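Undergrad: Contents of my_file_26.cif (mmCIF, C-alpha atoms (C1' of nucleotides)) are given next:
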data_entry
loop_
_atom_site.label_atom_id
_atom_site.label_comp_id
_atom_site.auth_asym_id
_atom_site.auth_seq_id
_atom_site.Cartn_x
_atom_site.Cartn_y
_atom_site.Cartn_z
CA MET J 1 -160.75 -132.80 5.46
CA LYS J 2 -158.91 -130.32 7.61
CA THR J 3 -157.11 -127.66 5.73
CA ASN J 4 -154.11 -125.89 7.13
CA VAL J 5 -153.79 -122.64 5.32
CA ALA J 6 -150.95 -121.35 7.46
CA ARG J 7 -148.86 -124.41 6.71
CA SER J 8 -149.66 -124.34 3.00
CA ASP J 9 -148.77 -120.68 2.95
CA ALA J 10 -145.39 -121.33 4.54
CA TYR J 11 -144.71 -124.27 2.25
CA LEU J 12 -145.37 -122.27 -0.88
CA ARG J 13 -143.20 -119.40 0.29
CA GLN J 14 -140.39 -121.76 1.03
CA LYS J 15 -140.68 -122.95 -2.56
CA GLY J 16 -140.28 -119.39 -3.77
CA ILE J 17 -143.92 -118.89 -4.63
CA LYS J 18 -145.88 -115.86 -3.61
CA ALA J 19 -148.75 -117.22 -1.57
CA SER J 20 -151.91 -115.68 -2.93
CA PHE J 21 -155.29 -116.74 -1.63
CA GLN J 22 -156.04 -118.63 -4.84
CA ARG J 23 -152.75 -120.49 -4.82
CA VAL J 24 -153.06 -121.51 -1.21
CA SER J 25 -156.61 -122.67 -1.84
CA ILE J 26 -155.56 -124.79 -4.80
CA PHE J 27 -152.59 -126.23 -2.96
CA ASP J 28 -154.77 -127.01 0.02
CA TYR J 29 -157.32 -128.62 -2.24
CA LEU J 30 -154.72 -130.87 -3.84
CA HIS J 31 -153.46 -131.74 -0.41
CA ASN J 32 -156.84 -132.91 0.72
CA THR J 33 -157.92 -135.05 -2.17
CA THR J 34 -156.87 -138.39 -3.55
CA ALA J 35 -158.87 -137.87 -6.72
CA HIS J 36 -156.03 -136.72 -8.99
CA PRO J 37 -158.28 -133.96 -10.26
CA SER J 38 -158.21 -132.26 -13.63
CA VAL J 39 -158.14 -128.50 -13.93
CA SER J 40 -161.89 -128.55 -14.58
CA GLN J 41 -162.51 -130.55 -11.43
CA ILE J 42 -160.37 -128.22 -9.36
CA PHE J 43 -162.19 -125.26 -10.80
CA SER J 44 -165.66 -126.70 -10.26
CA ASP J 45 -164.92 -127.66 -6.69
CA LEU J 46 -163.34 -124.38 -5.68
CA HIS J 47 -165.51 -122.01 -7.66
CA PRO J 48 -168.50 -122.11 -5.27
CA ASN J 49 -166.25 -120.96 -2.44
CA ILE J 50 -164.22 -118.53 -4.51
CA PRO J 51 -166.76 -117.08 -6.94
CA SER J 52 -164.23 -114.79 -8.59
CA LEU J 53 -161.91 -117.70 -9.43
CA SER J 54 -161.18 -118.12 -13.11
CA ARG J 55 -160.07 -121.15 -15.05
CA ALA J 56 -157.05 -119.23 -16.27
CA THR J 57 -155.86 -118.83 -12.71
CA VAL J 58 -156.21 -122.54 -12.07
CA TYR J 59 -154.17 -123.22 -15.18
CA ASN J 60 -151.60 -120.62 -14.17
CA THR J 61 -151.30 -122.04 -10.70
CA ILE J 62 -151.12 -125.66 -11.74
CA ASN J 63 -148.48 -124.87 -14.33
CA LEU J 64 -146.51 -123.00 -11.71
CA PHE J 65 -146.76 -125.94 -9.33
CA VAL J 66 -145.59 -128.33 -12.02
CA GLU J 67 -142.71 -126.03 -12.88
CA LYS J 68 -141.70 -125.86 -9.23
CA LYS J 69 -142.03 -129.65 -8.91
CA ILE J 70 -144.80 -129.32 -6.35
CA ALA J 71 -147.27 -131.17 -8.55
CA ILE J 72 -146.94 -133.65 -11.36
CA PRO J 73 -149.24 -134.27 -14.30
CA VAL J 74 -150.62 -137.78 -14.38
CA GLN J 75 -150.95 -139.03 -17.92
CA VAL J 76 -154.16 -140.83 -18.59
CA ASP J 77 -155.10 -141.46 -22.15
CA GLY J 78 -158.07 -139.20 -22.05
CA VAL J 79 -157.82 -135.64 -23.20
CA GLU J 80 -157.41 -133.59 -20.10
CA ALA J 81 -154.45 -133.75 -17.77
CA ARG J 82 -154.90 -134.73 -14.16
CA TYR J 83 -152.63 -133.73 -11.33
CA ASP J 84 -151.08 -135.14 -8.23
CA LEU J 85 -148.92 -133.61 -5.55
CA ALA J 86 -145.31 -134.67 -5.99
CA GLU J 87 -145.18 -137.04 -3.08
CA PRO J 88 -142.80 -139.93 -2.57
CA GLN J 89 -142.33 -142.07 -5.65
CA HIS J 90 -145.39 -144.11 -6.48
CA ALA J 91 -147.14 -145.60 -9.47
CA HIS J 92 -150.65 -144.91 -10.71
CA PHE J 93 -153.43 -147.31 -11.54
CA HIS J 94 -156.15 -145.95 -13.79
CA CYS J 95 -159.43 -147.84 -13.73
CA ALA J 96 -160.91 -148.08 -17.22
CA THR J 97 -164.44 -148.28 -15.87
CA CYS J 98 -164.79 -145.73 -13.09
CA GLY J 99 -161.88 -143.53 -14.09
CA THR J 100 -160.42 -143.47 -10.61
CA ILE J 101 -156.69 -143.08 -10.37
CA TYR J 102 -155.17 -144.99 -7.49
CA ASP J 103 -151.79 -144.30 -5.94
CA ILE J 104 -149.79 -147.48 -5.84
CA PRO J 105 -146.74 -147.70 -3.62
CA VAL J 106 -143.83 -149.33 -5.40
CA GLU J 107 -140.22 -149.99 -4.79
CA MET J 108 -138.85 -148.28 -7.86
CA GLY J 109 -136.27 -150.62 -9.24
CA HIS J 110 -132.99 -149.56 -10.73
CA ALA J 111 -133.17 -148.28 -14.30
CA PRO J 112 -132.67 -150.92 -16.99
CA LYS J 113 -129.11 -151.25 -18.23
CA SER J 114 -130.27 -150.12 -21.66
CA LEU J 115 -130.57 -146.64 -20.18
CA GLU J 116 -126.86 -146.19 -19.63
CA GLY J 117 -125.84 -142.94 -21.23
CA PHE J 118 -129.23 -141.38 -20.52
CA GLU J 119 -129.78 -138.87 -17.74
CA ILE J 120 -133.05 -139.75 -16.04
CA HIS J 121 -135.00 -136.92 -14.48
CA GLU J 122 -138.33 -138.61 -13.95
CA ALA J 123 -139.85 -142.04 -14.16
CA GLN J 124 -143.53 -142.80 -14.29
CA LEU J 125 -145.12 -146.18 -13.98
CA HIS J 126 -148.70 -146.34 -15.07
CA TYR J 127 -151.12 -149.24 -14.95
CA LYS J 128 -154.50 -149.48 -16.54
CA GLY J 129 -157.24 -152.04 -16.01
CA LEU J 130 -160.09 -152.69 -13.60
CA CYS J 131 -160.03 -151.77 -9.95
CA PRO J 132 -161.37 -154.16 -7.29
CA SER J 133 -164.78 -152.46 -7.20
CA CYS J 134 -165.23 -152.57 -10.96
CA ARG J 135 -164.02 -155.98 -11.95
CA MET D 1 -137.43 -148.24 -45.84
CA LYS D 2 -138.98 -151.25 -47.48
CA THR D 3 -142.69 -151.41 -47.14
CA ASN D 4 -144.58 -154.60 -47.52
CA VAL D 5 -148.08 -153.66 -48.42
CA ALA D 6 -149.22 -157.21 -48.98
CA ARG D 7 -148.14 -158.21 -45.52
CA SER D 8 -149.66 -155.17 -43.86
CA ASP D 9 -152.85 -155.85 -45.73
CA ALA D 10 -153.01 -159.41 -44.48
CA TYR D 11 -152.17 -158.36 -40.94
CA LEU D 12 -154.95 -155.81 -40.80
CA ARG D 13 -157.50 -158.23 -42.17
CA GLN D 14 -156.51 -160.79 -39.63
CA LYS D 15 -157.20 -158.19 -36.97
CA GLY D 16 -160.67 -157.73 -38.36
CA ILE D 17 -159.95 -154.44 -40.07
CA LYS D 18 -160.93 -153.71 -43.61
CA ALA D 19 -157.68 -152.90 -45.37
CA SER D 20 -158.21 -149.66 -47.21
CA PHE D 21 -155.38 -147.95 -49.01
CA GLN D 22 -155.16 -145.24 -46.36
CA ARG D 23 -155.13 -147.70 -43.48
CA VAL D 24 -152.47 -149.85 -45.04
CA SER D 25 -150.39 -146.76 -45.76
CA ILE D 26 -150.64 -145.55 -42.19
CA PHE D 27 -149.89 -148.97 -40.78
CA ASP D 28 -146.93 -149.30 -43.08
CA TYR D 29 -145.73 -145.88 -42.09
CA LEU D 30 -145.88 -146.74 -38.41
CA HIS D 31 -144.07 -149.94 -39.15
CA ASN D 32 -141.21 -148.14 -40.78
CA THR D 33 -140.50 -145.40 -38.30
CA THR D 34 -139.08 -145.27 -34.83
CA ALA D 35 -140.16 -141.66 -34.39
CA HIS D 36 -143.34 -142.29 -32.39
CA PRO D 37 -145.14 -139.80 -34.60
CA SER D 38 -148.09 -137.63 -33.74
CA VAL D 39 -151.15 -137.52 -35.96
CA SER D 40 -149.85 -134.29 -37.49
CA GLN D 41 -146.53 -135.89 -38.31
CA ILE D 42 -148.21 -138.89 -39.88
CA PHE D 43 -150.41 -136.61 -41.90
CA SER D 44 -147.58 -134.34 -43.06
CA ASP D 45 -145.42 -137.26 -44.09
CA LEU D 46 -148.11 -139.15 -45.97
CA HIS D 47 -149.97 -136.24 -47.47
CA PRO D 48 -147.48 -135.60 -50.29
CA ASN D 49 -147.92 -139.17 -51.47
CA ILE D 50 -151.64 -139.33 -50.83
CA PRO D 51 -152.85 -135.84 -51.69
CA SER D 52 -156.45 -136.65 -50.93
CA LEU D 53 -155.65 -137.78 -47.41
CA SER D 54 -157.42 -135.89 -44.67
CA ARG D 55 -156.52 -135.41 -41.05
CA ALA D 56 -159.85 -136.87 -40.03
CA THR D 57 -158.94 -140.13 -41.70
CA VAL D 58 -155.64 -140.27 -39.87
CA TYR D 59 -157.48 -139.73 -36.61
CA ASN D 60 -160.08 -142.34 -37.52
CA THR D 61 -157.43 -144.84 -38.43
CA ILE D 62 -155.24 -144.26 -35.43
CA ASN D 63 -158.21 -144.52 -33.10
CA LEU D 64 -159.20 -147.74 -34.79
CA PHE D 65 -155.69 -149.11 -34.38
CA VAL D 66 -155.65 -148.20 -30.72
CA GLU D 67 -159.05 -149.78 -30.24
CA LYS D 68 -157.82 -152.96 -31.89
CA LYS D 69 -154.64 -152.90 -29.81
CA ILE D 70 -152.49 -152.52 -32.90
CA ALA D 71 -151.10 -149.20 -31.73
CA ILE D 72 -150.69 -147.56 -28.37
CA PRO D 73 -150.68 -143.88 -27.47
CA VAL D 74 -147.44 -142.76 -25.87
CA GLN D 75 -148.08 -140.15 -23.25
CA VAL D 76 -145.66 -137.31 -23.33
CA ASP D 77 -146.53 -134.24 -21.38
CA GLY D 78 -146.94 -132.10 -24.42
CA VAL D 79 -150.31 -131.54 -25.93
CA GLU D 80 -150.56 -133.91 -28.80
CA ALA D 81 -150.56 -137.68 -28.50
CA ARG D 82 -147.86 -139.73 -30.16
CA TYR D 83 -148.22 -143.31 -31.25
CA ASP D 84 -146.28 -146.52 -31.32
CA LEU D 85 -147.06 -149.93 -32.73
CA ALA D 86 -147.98 -152.35 -29.97
CA GLU D 87 -144.80 -154.36 -30.10
CA PRO D 88 -143.32 -156.48 -27.36
CA GLN D 89 -143.38 -154.80 -23.97
CA HIS D 90 -140.95 -151.93 -23.73
CA ALA D 91 -140.54 -148.65 -21.91
CA HIS D 92 -140.20 -145.19 -23.40
CA PHE D 93 -137.63 -142.54 -22.76
CA HIS D 94 -138.62 -139.01 -23.71
CA CYS D 95 -135.77 -136.56 -24.16
CA ALA D 96 -136.69 -133.16 -22.74
CA THR D 97 -134.39 -131.37 -25.15
CA CYS D 98 -134.80 -132.93 -28.57
CA GLY D 99 -138.20 -134.50 -27.99
CA THR D 100 -137.14 -137.87 -29.29
CA ILE D 101 -138.91 -140.84 -27.80
CA TYR D 102 -136.67 -143.88 -27.45
CA ASP D 103 -137.85 -147.44 -27.11
CA ILE D 104 -136.21 -149.03 -24.11
CA PRO D 105 -136.25 -152.80 -23.73
CA VAL D 106 -137.09 -153.82 -20.20
CA GLU D 107 -137.81 -156.96 -18.33
CA MET D 108 -141.20 -155.99 -17.00
CA GLY D 109 -141.16 -157.05 -13.40
CA HIS D 110 -144.01 -158.60 -11.54
CA ALA D 111 -146.73 -156.19 -10.45
CA PRO D 112 -146.29 -154.79 -6.94
CA LYS D 113 -148.15 -156.69 -4.26
CA SER D 114 -150.22 -153.59 -3.59
CA LEU D 115 -152.00 -154.33 -6.85
CA GLU D 116 -153.62 -157.52 -5.65
CA GLY D 117 -157.31 -157.29 -6.35
CA PHE D 118 -156.73 -155.17 -9.45
CA GLU D 119 -157.01 -156.55 -12.94
CA ILE D 120 -154.13 -155.17 -14.95
CA HIS D 121 -154.67 -154.71 -18.67
CA GLU D 122 -151.73 -152.49 -19.51
CA ALA D 123 -148.58 -151.20 -17.91
CA GLN D 124 -146.54 -148.30 -19.16
CA LEU D 125 -143.16 -147.25 -17.94
CA HIS D 126 -142.10 -143.82 -19.00
CA TYR D 127 -138.82 -142.05 -18.40
CA LYS D 128 -137.99 -138.43 -19.01
CA GLY D 129 -134.63 -136.71 -19.02
CA LEU D 130 -131.75 -136.13 -21.41
CA CYS D 131 -130.68 -138.55 -24.08
CA PRO D 132 -126.99 -139.27 -24.73
CA SER D 133 -126.81 -136.76 -27.58
CA CYS D 134 -128.37 -133.95 -25.56
CA ARG D 135 -126.78 -134.20 -22.15
"C1'" DA P 1 -177.56 -152.12 -53.47
"C1'" DT P 2 -176.06 -151.93 -49.09
"C1'" DT P 3 -172.55 -151.05 -46.04
"C1'" DC P 4 -168.29 -149.08 -44.67
"C1'" DT P 5 -164.76 -145.45 -45.50
"C1'" DT P 6 -163.28 -141.01 -46.81
"C1'" DG P 7 -162.88 -135.99 -46.84
"C1'" DC P 8 -164.27 -131.65 -45.90
"C1'" DA P 9 -165.94 -128.13 -42.90
"C1'" DA P 10 -167.84 -126.92 -38.79
"C1'" DA P 11 -167.99 -127.91 -33.91
"C1'" DT P 12 -165.96 -128.96 -29.50
"C1'" DC P 13 -162.85 -129.14 -25.77
"C1'" DA P 14 -158.63 -128.22 -23.28
"C1'" DT P 15 -155.30 -124.88 -22.79
"C1'" DT P 16 -152.92 -120.38 -23.61
"C1'" DT P 17 -152.59 -115.52 -24.26
"C1'" DG P 18 -153.36 -110.35 -24.21
"C1'" DC P 19 -154.59 -106.92 -21.52
"C1'" DA P 20 -156.82 -104.09 -18.04
"C1'" DC P 21 -157.63 -104.31 -13.18
"C1'" DT P 22 -156.44 -105.65 -8.48
"C1'" DT P 23 -153.69 -107.20 -4.91
"C1'" DT P 24 -149.58 -107.51 -2.21
"C1'" DA P 25 -145.02 -106.72 -0.51
"C1'" DT N 1 -146.06 -97.66 -5.90
"C1'" DA N 2 -143.76 -101.00 -8.34
"C1'" DA N 3 -144.08 -105.75 -9.25
"C1'" DA N 4 -146.66 -109.74 -9.46
"C1'" DG N 5 -151.23 -112.10 -9.67
"C1'" DT N 6 -156.00 -112.32 -11.30
"C1'" DG N 7 -159.97 -112.54 -14.41
"C1'" DC N 8 -162.18 -112.07 -18.53
"C1'" DA N 9 -162.60 -112.80 -23.33
"C1'" DA N 10 -160.56 -113.96 -27.42
"C1'" DA N 11 -157.18 -117.00 -29.69
"C1'" DT N 12 -155.06 -121.35 -30.55
"C1'" DG N 13 -154.45 -126.17 -31.30
"C1'" DA N 14 -155.76 -130.87 -31.03
"C1'" DT N 15 -159.42 -133.87 -31.77
"C1'" DT N 16 -164.28 -135.09 -32.95
"C1'" DT N 17 -168.46 -134.99 -35.55
"C1'" DG N 18 -172.08 -134.48 -39.27
"C1'" DC N 19 -172.83 -135.34 -43.58
"C1'" DA N 20 -172.40 -135.95 -48.58
"C1'" DA N 21 -169.70 -138.43 -51.94
"C1'" DG N 22 -166.86 -142.56 -53.03
"C1'" DA N 23 -165.26 -147.32 -52.72
"C1'" DA N 24 -165.75 -152.11 -51.60
"C1'" DT N 25 -168.21 -156.43 -51.09
#
Translate this structure into structure tokens?
TA:
Amino acid sequence: MKTNVARSDAYLRQKGIKASFQRVSIFDYLHNTTAHPSVSQIFSDLHPNIPSLSRATVYNTINLFVEKKIAIPVQVDGVEARYDLAEPQHAHFHCATCGTIYDIPVEMGHAPKSLEGFEIHEAQLHYKGLCPSCR
Amino acid sequence: MKTNVARSDAYLRQKGIKASFQRVSIFDYLHNTTAHPSVSQIFSDLHPNIPSLSRATVYNTINLFVEKKIAIPVQVDGVEARYDLAEPQHAHFHCATCGTIYDIPVEMGHAPKSLEGFEIHEAQLHYKGLCPSCR
DNA sequence: ATTCTTGCAAATCATTTGCACTTTA
DNA sequence: TAAAGTGCAAATGATTTGCAAGAAT
């Protein structure tokens, strides 16, 4: 996985976020994984390289990213939240056996007519079942 | 709200669940609300009528219901889970302002072709935004 | 009588917060 | 050097668990 700190740095600044080393590292990490990691996973993976890193900072950063619409929380029915970069609209498939979350491209249909009168900000489509390797 | 304890009782038994007073009460409660309550809400609402009720029992019962596919957790991006009876397929709309979760009837489309090879057990469609009263 | 359920309290786990210290613009 | 970010430890809140007492079959 090639990281591009300079680009991440610029991207964050453009989003109005001060680009600290920790933030760039976390952004870069999210950019280079398809694992939809939890805060714990992010922390565990980055901690060896950034020994001073604290969980609180990961939480701070992730919450900031979500606020700025850079990342979105992926709801799985476990306890801890998992995160994805806010990329083009796609669905998620959560494998009940291995826990992997797959990105599924979809053509997001029009909202159902029953939603007239509502102002939709976000839509999430979430599947659960068995992935090809686990079935 | 008319409750029908006898019917709830029979329904639970048919699902292979021993129909204790607490379980029937909780099932009945879920049956008579559209609020998609959290465990805390269920507890607070039932506790006055069932003073001995404990939170642990509500958790036990809800988890049992989810296991038996009688109820489903509705993922909102807050902290606590909220629950819905597993009724015919519908989407949820979560109002960012008032927190209400609306049931939205939808014609669940066919799964995207990118999901070939996956075995789908559940699909959830979740909207977030402003409801008619809050926009 | 045996088995399952309940209720309480303590334990756990994810997340947030307060505050002193450090970094950065 | 003022403002913002970080890290630690303690606090909070939701959920789970261990276990003794109670209810059901």
Undergrad: Gly99 of chain J: which residues within 10 Å, counting only C-alpha atoms (C1' of nucleotides), same-chain residues fewer than 5 positions away excluded, as number ranges by chain?
TA: J: 35, 76, 78, 93-94, 128-131
Undergrad: To one decimal in Å, tell me the separation between atom CA of Ala81 of chain D and atom CA of Tyr29 of chain J.
TA: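 Taking atom CA of Ala81 of chain D as the start and atom CA of Tyr29 of chain J as the end point, the length is 28.6 Å.
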Undergrad: Evaluate the PyMOL selection byres ((chain N) within 10 of (chain J)) on the structure here and hand back the selected residues as JSON, numbers by chain.
TA: {"N": [4, 5, 6, 7, 8, 14, 15]}
Undergrad: Determine the residue membership of the PyMOL selection byres ((chain P and resi 18) around 12) for the file above and supply it as a list in words.
TA: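 Applying the expression gives DT16, DT17, DC19 and DA20 of chain P; DC8, DA9, DA10 and DA11 of chain N.
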Undergrad: When you look at segment 2-4 of chain P with a cut-off of 9 Å (counting all atoms listed in the file), what residues show up, excluding the ones that are within fewer than 3 positions of it in the same chain? I need them as a PyMOL selection string.
TA: (chain D and resi 18) or (chain N and resi 23-25)
Undergrad: What's the separation between atom CA of Arg7 of chain D and atom CA of Lys69 of chain D, in Å to one decimal place?
TA: 17.8 Å
Undergrad: Residues of chain D within 8 Å of chain J: nearest atom pair and distance (Å, one decimal) for each, counting only C-alpha atoms, sorted by chain and number, as a tab-separated table?
TA:
residue	atom	partner	partner_atom	distance
D:Pro73	CA	J:Asp77	CA	7.3
D:Gln75	CA	J:Gln75	CA	6.2
D:Val76	CA	J:Gln75	CA	7.8
D:Asp77	CA	J:Gln75	CA	7.4
D:Ile104	CA	J:Ser114	CA	6.5
D:Pro105	CA	J:Ser114	CA	6.9
D:Val106	CA	J:Pro112	CA	6.2
D:Pro112	CA	J:Val106	CA	6.2
D:Ser114	CA	J:Ile104	CA	6.5
D:Leu115	CA	J:Ile104	CA	7.3
D:Gly117	CA	J:Pro132	CA	5.2
D:Phe118	CA	J:Cys131	CA	4.8
D:Glu119	CA	J:Leu130	CA	5.0
D:Ile120	CA	J:Gly129	CA	4.5
D:His121	CA	J:Gly129	CA	4.6
D:Glu122	CA	J:Lys128	CA	5.1
D:Ala123	CA	J:Tyr127	CA	4.4
D:Gln124	CA	J:His126	CA	5.0
D:Leu125	CA	J:Leu125	CA	4.5
D:His126	CA	J:Gln124	CA	5.0
D:Tyr127	CA	J:Ala123	CA	4.4
D:Lys128	CA	J:Glu122	CA	5.1
D:Gly129	CA	J:Ile120	CA	4.5
D:Leu130	CA	J:Glu119	CA	5.0
D:Cys131	CA	J:Phe118	CA	4.8
D:Pro132	CA	J:Gly117	CA	5.2
D:Arg135	CA	J:Glu119	CA	7.1
Undergrad: Taking the file as shown, what set of residues would the PyMOL selection byres ((chain P) within 9 of (chain D)) give back, as JSON, numbers by chain?
TA: {"P": [4, 5, 6, 7, 8, 15]}
Undergrad: Provide segment 37-46 of chain J rebuilt to all heavy atoms, formatted as a CSV table (one decimal), in the coordinates of the input.
TA:
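Output file rebuild.csv follows:
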chain,number,residue,atom,x,y,z
J,37,PRO,N,-157.3,-134.7,-9.5
J,37,PRO,CA,-158.3,-134.0,-10.3
J,37,PRO,C,-157.7,-133.3,-11.5
J,37,PRO,O,-156.5,-133.0,-11.6
J,37,PRO,CB,-158.7,-132.9,-9.3
J,37,PRO,CG,-157.5,-132.7,-8.4
J,37,PRO,CD,-156.9,-134.1,-8.3
J,38,SER,N,-158.6,-133.1,-12.5
J,38,SER,CA,-158.2,-132.3,-13.6
J,38,SER,C,-158.4,-130.8,-13.3
J,38,SER,O,-159.0,-130.5,-12.2
J,38,SER,CB,-159.1,-132.6,-14.8
J,38,SER,OG,-160.5,-132.3,-14.5
J,39,VAL,N,-157.9,-129.9,-14.2
J,39,VAL,CA,-158.1,-128.5,-13.9
J,39,VAL,C,-159.6,-128.2,-13.8
J,39,VAL,O,-160.0,-127.4,-12.9
J,39,VAL,CB,-157.5,-127.7,-15.1
J,39,VAL,CG1,-158.0,-126.2,-15.0
J,39,VAL,CG2,-156.0,-127.7,-14.9
J,40,SER,N,-160.4,-128.8,-14.7
J,40,SER,CA,-161.9,-128.6,-14.6
J,40,SER,C,-162.5,-128.9,-13.2
J,40,SER,O,-163.3,-128.2,-12.6
J,40,SER,CB,-162.6,-129.4,-15.6
J,40,SER,OG,-162.2,-128.9,-16.9
J,41,GLN,N,-162.0,-130.1,-12.7
J,41,GLN,CA,-162.5,-130.6,-11.4
J,41,GLN,C,-162.1,-129.6,-10.3
J,41,GLN,O,-162.9,-129.3,-9.4
J,41,GLN,CB,-162.0,-132.0,-11.1
J,41,GLN,CG,-162.6,-133.0,-12.0
J,41,GLN,CD,-161.8,-134.4,-11.9
J,41,GLN,OE1,-161.5,-134.9,-12.9
J,41,GLN,NE2,-161.6,-134.8,-10.7
J,42,ILE,N,-160.8,-129.2,-10.4
J,42,ILE,CA,-160.4,-128.2,-9.4
J,42,ILE,C,-161.2,-127.0,-9.4
J,42,ILE,O,-161.7,-126.5,-8.4
J,42,ILE,CB,-158.9,-127.9,-9.6
J,42,ILE,CG1,-158.0,-129.1,-9.5
J,42,ILE,CG2,-158.4,-126.8,-8.6
J,42,ILE,CD1,-156.5,-128.8,-9.9
J,43,PHE,N,-161.4,-126.5,-10.6
J,43,PHE,CA,-162.2,-125.3,-10.8
J,43,PHE,C,-163.6,-125.4,-10.3
J,43,PHE,O,-164.1,-124.6,-9.5
J,43,PHE,CB,-162.2,-124.9,-12.3
J,43,PHE,CG,-163.1,-123.7,-12.5
J,43,PHE,CD1,-162.6,-122.4,-12.2
J,43,PHE,CD2,-164.4,-123.8,-13.0
J,43,PHE,CE1,-163.4,-121.3,-12.4
J,43,PHE,CE2,-165.2,-122.7,-13.3
J,43,PHE,CZ,-164.7,-121.4,-13.0
J,44,SER,N,-164.3,-126.5,-10.7
J,44,SER,CA,-165.7,-126.7,-10.3
J,44,SER,C,-165.8,-126.8,-8.7
J,44,SER,O,-166.8,-126.3,-8.2
J,44,SER,CB,-166.2,-128.0,-10.9
J,44,SER,OG,-166.0,-128.0,-12.3
J,45,ASP,N,-164.8,-127.5,-8.1
J,45,ASP,CA,-164.9,-127.7,-6.7
J,45,ASP,C,-164.6,-126.4,-5.9
J,45,ASP,O,-165.2,-126.2,-4.8
J,45,ASP,CB,-164.0,-128.8,-6.3
J,45,ASP,CG,-164.5,-130.2,-6.6
J,45,ASP,OD1,-165.7,-130.2,-7.0
J,45,ASP,OD2,-163.8,-131.1,-6.5
J,46,LEU,N,-163.7,-125.6,-6.4
J,46,LEU,CA,-163.3,-124.4,-5.7
J,46,LEU,C,-164.2,-123.2,-6.0
J,46,LEU,O,-164.3,-122.3,-5.2
J,46,LEU,CB,-161.9,-124.0,-5.9
J,46,LEU,CG,-160.9,-125.0,-5.3
J,46,LEU,CD1,-159.4,-124.5,-5.6
J,46,LEU,CD2,-161.1,-125.2,-3.8
